[in-house]
Amino acid sequence: MAPAPAHAPAVDALAARIEAALPQTQCTRCGYPDCAAYAQAIASGQAPINRCPPGGAEGMARLAAITGMPAQPLDPEHGSEAPRTVAVIDEDWCIGCTLCAKACPTDAIVGIHKRMHTIIDEHCTGCELCVAACPVDCIAMENVSGTATGWSAWSEKQAAHARERYAARQTRLHGASAAARAANPAITTPSANDRRATISAILARSRAGHTPANTR
């Protein structure tokens, strides 16, 4: 393995400061898998500082002050500054497929397979990842900050809580994955086709026994 570049410690230190200035929504809108990865990319000179809509204008100013880069408008390709939201599940339409829970970066969704799921508001970062994951479109985002946006709609305490929740989830997932592989070395990850087949079967059962609310 090649030795790490001499500047790596300085880059890592800068990345840590940048990450601390991000709201920790873990929404991936920046194009990176989480806030830490985006911070590392900025510190390494591989990404600009204008890709974090949840941080908004104040977030941009914070990153500019830390990095010495000029503040600039948010890149519209990555979203726009908006009020803080939390996810809400329409319980009448939830089929219990668990895909939303698997997508949630902070374990803010509780429920078991084939049973209705619900959101724990204080853990929800408004990342919207569950919305895209839901195959029956039963999840909506609800404005909980009124006209306040960016850091005005979020707090340092909430960001710290979200970061802790995300870290705990990653530890749990990595531990579960390692344990599963140790117990069964031949274990494989379900393919996309397998997941689609499972969802199709769940949807078929749901449609067979569910009457839409607007036809009752």
# chains A, B, ... in the order shown; residues from 1 in each chain; ligands from 1

$ residues_around --residues "Lys157 in chain A" --least-positions-apart "2" --cutoff "12 Å" --atoms "only C-alpha atoms" --output "ChimeraX atom specification"
/A:20,23-24,122-123,151,153-155,159-164

$ select_by_dssp --residues "range 78-125 of chain A" --states "strand (DSSP E)" --output "JSON, numbers by chain"
{"A": [85, 86, 87, 88, 89, 109, 110, 118, 119]}

$ write_last_selection --atoms "N, CA and C atoms" --output "PDB file, in the first residue's frame"
ATOM      1  N   THR A  85     -38.355  20.281   7.018  1.00  0.00           N
ATOM      2  CA  THR A  85     -39.512  19.398   6.936  1.00  0.00           C
ATOM      3  C   THR A  85     -39.258  18.102   7.698  1.00  0.00           C
ATOM      4  N   VAL A  86     -40.337  17.413   8.000  1.00  0.00           N
ATOM      5  CA  VAL A  86     -40.236  16.060   8.547  1.00  0.00           C
ATOM      6  C   VAL A  86     -41.151  15.170   7.716  1.00  0.00           C
ATOM      7  N   ALA A  87     -40.822  13.895   7.648  1.00  0.00           N
ATOM      8  CA  ALA A  87     -41.609  12.955   6.863  1.00  0.00           C
ATOM      9  C   ALA A  87     -42.869  12.543   7.618  1.00  0.00           C
ATOM     10  N   VAL A  88     -43.923  12.329   6.859  1.00  0.00           N
ATOM     11  CA  VAL A  88     -45.191  11.863   7.422  1.00  0.00           C
ATOM     12  C   VAL A  88     -45.671  10.704   6.554  1.00  0.00           C
ATOM     13  N   ILE A  89     -46.005   9.569   7.180  1.00  0.00           N
ATOM     14  CA  ILE A  89     -46.456   8.392   6.451  1.00  0.00           C
ATOM     15  C   ILE A  89     -47.980   8.294   6.497  1.00  0.00           C
ATOM     16  N   ILE A 109     -37.417   5.910  11.371  1.00  0.00           N
ATOM     17  CA  ILE A 109     -38.629   5.195  10.977  1.00  0.00           C
ATOM     18  C   ILE A 109     -38.687   3.863  11.707  1.00  0.00           C
ATOM     19  N   VAL A 110     -39.809   3.594  12.330  1.00  0.00           N
ATOM     20  CA  VAL A 110     -39.977   2.331  13.051  1.00  0.00           C
ATOM     21  C   VAL A 110     -41.149   1.556  12.473  1.00  0.00           C
ATOM     22  N   THR A 118     -44.011   4.183  11.009  1.00  0.00           N
ATOM     23  CA  THR A 118     -44.260   5.550  11.468  1.00  0.00           C
ATOM     24  C   THR A 118     -42.943   6.289  11.651  1.00  0.00           C
ATOM     25  N   ILE A 119     -43.008   7.609  11.701  1.00  0.00           N
ATOM     26  CA  ILE A 119     -41.826   8.468  11.808  1.00  0.00           C
ATOM     27  C   ILE A 119     -41.674   8.989  13.235  1.00  0.00           C
TER      28      ILE A 119
END

$ select_by_dssp --residues "range 105-180 of chain A" --states "helix (DSSP H, G or I)" --output "PDB file with N, CA and C atoms, in the first residue's frame"
ATOM      1  N   ASP A 121     -40.459  11.984  14.906  1.00  0.00           N
ATOM      2  CA  ASP A 121     -40.159  13.337  14.425  1.00  0.00           C
ATOM      3  C   ASP A 121     -38.809  13.873  14.881  1.00  0.00           C
ATOM      4  N   GLU A 122     -38.464  13.640  16.158  1.00  0.00           N
ATOM      5  CA  GLU A 122     -37.230  14.240  16.668  1.00  0.00           C
ATOM      6  C   GLU A 122     -35.975  13.640  16.049  1.00  0.00           C
ATOM      7  N   HIS A 123     -36.097  12.496  15.399  1.00  0.00           N
ATOM      8  CA  HIS A 123     -34.948  11.884  14.743  1.00  0.00           C
ATOM      9  C   HIS A 123     -34.896  12.183  13.245  1.00  0.00           C
ATOM     10  N   LEU A 129     -35.017  11.002   1.743  1.00  0.00           N
ATOM     11  CA  LEU A 129     -34.595   9.752   1.124  1.00  0.00           C
ATOM     12  C   LEU A 129     -35.686   8.693   1.190  1.00  0.00           C
ATOM     13  N   CYS A 130     -36.516   8.743   2.220  1.00  0.00           N
ATOM     14  CA  CYS A 130     -37.597   7.773   2.344  1.00  0.00           C
ATOM     15  C   CYS A 130     -38.672   7.979   1.290  1.00  0.00           C
ATOM     16  N   VAL A 131     -38.848   9.227   0.844  1.00  0.00           N
ATOM     17  CA  VAL A 131     -39.876   9.532  -0.162  1.00  0.00           C
ATOM     18  C   VAL A 131     -39.571   8.801  -1.458  1.00  0.00           C
ATOM     19  N   ALA A 132     -38.326   8.881  -1.887  1.00  0.00           N
ATOM     20  CA  ALA A 132     -37.930   8.210  -3.123  1.00  0.00           C
ATOM     21  C   ALA A 132     -37.967   6.700  -2.985  1.00  0.00           C
ATOM     22  N   ALA A 133     -37.742   6.197  -1.770  1.00  0.00           N
ATOM     23  CA  ALA A 133     -37.691   4.749  -1.555  1.00  0.00           C
ATOM     24  C   ALA A 133     -39.072   4.106  -1.509  1.00  0.00           C
ATOM     25  N   GLY A 150     -32.727  27.010   6.117  1.00  0.00           N
ATOM     26  CA  GLY A 150     -31.316  26.814   6.421  1.00  0.00           C
ATOM     27  C   GLY A 150     -31.065  26.634   7.902  1.00  0.00           C
ATOM     28  N   TRP A 151     -29.978  27.252   8.373  1.00  0.00           N
ATOM     29  CA  TRP A 151     -29.638  27.130   9.795  1.00  0.00           C
ATOM     30  C   TRP A 151     -30.635  27.853  10.696  1.00  0.00           C
ATOM     31  N   SER A 152     -31.450  28.733  10.137  1.00  0.00           N
ATOM     32  CA  SER A 152     -32.486  29.381  10.939  1.00  0.00           C
ATOM     33  C   SER A 152     -33.596  28.400  11.290  1.00  0.00           C
ATOM     34  N   GLU A 156     -27.725  23.721  16.226  1.00  0.00           N
ATOM     35  CA  GLU A 156     -26.504  22.959  16.481  1.00  0.00           C
ATOM     36  C   GLU A 156     -26.844  21.668  17.247  1.00  0.00           C
ATOM     37  N   LYS A 157     -27.791  21.778  18.169  1.00  0.00           N
ATOM     38  CA  LYS A 157     -28.186  20.605  18.955  1.00  0.00           C
ATOM     39  C   LYS A 157     -28.808  19.547  18.056  1.00  0.00           C
ATOM     40  N   GLN A 158     -29.666  19.965  17.140  1.00  0.00           N
ATOM     41  CA  GLN A 158     -30.293  19.017  16.224  1.00  0.00           C
ATOM     42  C   GLN A 158     -29.261  18.385  15.291  1.00  0.00           C
ATOM     43  N   ALA A 159     -28.304  19.188  14.840  1.00  0.00           N
ATOM     44  CA  ALA A 159     -27.258  18.664  13.970  1.00  0.00           C
ATOM     45  C   ALA A 159     -26.417  17.626  14.699  1.00  0.00           C
ATOM     46  N   ALA A 160     -26.085  17.905  15.951  1.00  0.00           N
ATOM     47  CA  ALA A 160     -25.294  16.960  16.741  1.00  0.00           C
ATOM     48  C   ALA A 160     -26.072  15.670  16.970  1.00  0.00           C
ATOM     49  N   HIS A 161     -27.358  15.806  17.223  1.00  0.00           N
ATOM     50  CA  HIS A 161     -28.201  14.628  17.428  1.00  0.00           C
ATOM     51  C   HIS A 161     -28.255  13.787  16.159  1.00  0.00           C
ATOM     52  N   ALA A 162     -28.432  14.454  15.012  1.00  0.00           N
ATOM     53  CA  ALA A 162     -28.498  13.744  13.729  1.00  0.00           C
ATOM     54  C   ALA A 162     -27.183  13.030  13.442  1.00  0.00           C
ATOM     55  N   ARG A 163     -26.083  13.690  13.750  1.00  0.00           N
ATOM     56  CA  ARG A 163     -24.771  13.074  13.516  1.00  0.00           C
ATOM     57  C   ARG A 163     -24.593  11.831  14.390  1.00  0.00           C
ATOM     58  N   GLU A 164     -25.018  11.914  15.630  1.00  0.00           N
ATOM     59  CA  GLU A 164     -24.917  10.767  16.540  1.00  0.00           C
ATOM     60  C   GLU A 164     -25.795   9.617  16.059  1.00  0.00           C
ATOM     61  N   ARG A 165     -27.014   9.940  15.615  1.00  0.00           N
ATOM     62  CA  ARG A 165     -27.922   8.913  15.128  1.00  0.00           C
ATOM     63  C   ARG A 165     -27.348   8.234  13.885  1.00  0.00           C
ATOM     64  N   TYR A 166     -26.766   9.035  12.994  1.00  0.00           N
ATOM     65  CA  TYR A 166     -26.198   8.481  11.772  1.00  0.00           C
ATOM     66  C   TYR A 166     -25.013   7.574  12.090  1.00  0.00           C
ATOM     67  N   ALA A 167     -24.151   8.020  12.981  1.00  0.00           N
ATOM     68  CA  ALA A 167     -22.984   7.223  13.364  1.00  0.00           C
ATOM     69  C   ALA A 167     -23.409   5.904  14.006  1.00  0.00           C
ATOM     70  N   ALA A 168     -24.435   5.965  14.867  1.00  0.00           N
ATOM     71  CA  ALA A 168     -24.918   4.752  15.524  1.00  0.00           C
ATOM     72  C   ALA A 168     -25.501   3.781  14.504  1.00  0.00           C
ATOM     73  N   ARG A 169     -26.204   4.316  13.515  1.00  0.00           N
ATOM     74  CA  ARG A 169     -26.774   3.457  12.468  1.00  0.00           C
ATOM     75  C   ARG A 169     -25.673   2.780  11.660  1.00  0.00           C
ATOM     76  N   GLN A 170     -24.642   3.549  11.300  1.00  0.00           N
ATOM     77  CA  GLN A 170     -23.550   2.972  10.522  1.00  0.00           C
ATOM     78  C   GLN A 170     -22.846   1.865  11.302  1.00  0.00           C
ATOM     79  N   THR A 171     -22.639   2.095  12.597  1.00  0.00           N
ATOM     80  CA  THR A 171     -22.018   1.071  13.439  1.00  0.00           C
ATOM     81  C   THR A 171     -22.878  -0.181  13.487  1.00  0.00           C
ATOM     82  N   ARG A 172     -24.180   0.020  13.632  1.00  0.00           N
ATOM     83  CA  ARG A 172     -25.095  -1.127  13.685  1.00  0.00           C
ATOM     84  C   ARG A 172     -25.097  -1.898  12.374  1.00  0.00           C
ATOM     85  N   LEU A 173     -25.176  -1.192  11.263  1.00  0.00           N
ATOM     86  CA  LEU A 173     -25.220  -1.855   9.958  1.00  0.00           C
ATOM     87  C   LEU A 173     -23.934  -2.618   9.666  1.00  0.00           C
ATOM     88  N   HIS A 174     -22.794  -1.984   9.971  1.00  0.00           N
ATOM     89  CA  HIS A 174     -21.523  -2.651   9.725  1.00  0.00           C
ATOM     90  C   HIS A 174     -21.372  -3.876  10.613  1.00  0.00           C
ATOM     91  N   GLY A 175     -21.819  -3.765  11.872  1.00  0.00           N
ATOM     92  CA  GLY A 175     -21.738  -4.897  12.787  1.00  0.00           C
ATOM     93  C   GLY A 175     -22.632  -6.041  12.346  1.00  0.00           C
ATOM     94  N   ALA A 176     -23.848  -5.708  11.907  1.00  0.00           N
ATOM     95  CA  ALA A 176     -24.776  -6.737  11.457  1.00  0.00           C
ATOM     96  C   ALA A 176     -24.256  -7.423  10.202  1.00  0.00           C
ATOM     97  N   SER A 177     -23.676  -6.638   9.304  1.00  0.00           N
ATOM     98  CA  SER A 177     -23.146  -7.202   8.067  1.00  0.00           C
ATOM     99  C   SER A 177     -21.984  -8.137   8.345  1.00  0.00           C
ATOM    100  N   ALA A 178     -21.092  -7.715   9.243  1.00  0.00           N
ATOM    101  CA  ALA A 178     -19.934  -8.541   9.579  1.00  0.00           C
ATOM    102  C   ALA A 178     -20.372  -9.829  10.265  1.00  0.00           C
ATOM    103  N   ALA A 179     -21.357  -9.720  11.158  1.00  0.00           N
ATOM    104  CA  ALA A 179     -21.843 -10.895  11.872  1.00  0.00           C
ATOM    105  C   ALA A 179     -22.490 -11.887  10.907  1.00  0.00           C
ATOM    106  N   ALA A 180     -23.252 -11.363   9.948  1.00  0.00           N
ATOM    107  CA  ALA A 180     -23.919 -12.226   8.977  1.00  0.00           C
ATOM    108  C   ALA A 180     -22.906 -12.960   8.108  1.00  0.00           C
TER     109      ALA A 180
END

$ residues_around --residues "Ser44 in chain A" --least-positions-apart "3" --cutoff "12 Å" --atoms "only C-alpha atoms" --output "ChimeraX atom specification"
/A:5,7-16,18,37-41,47-49,67
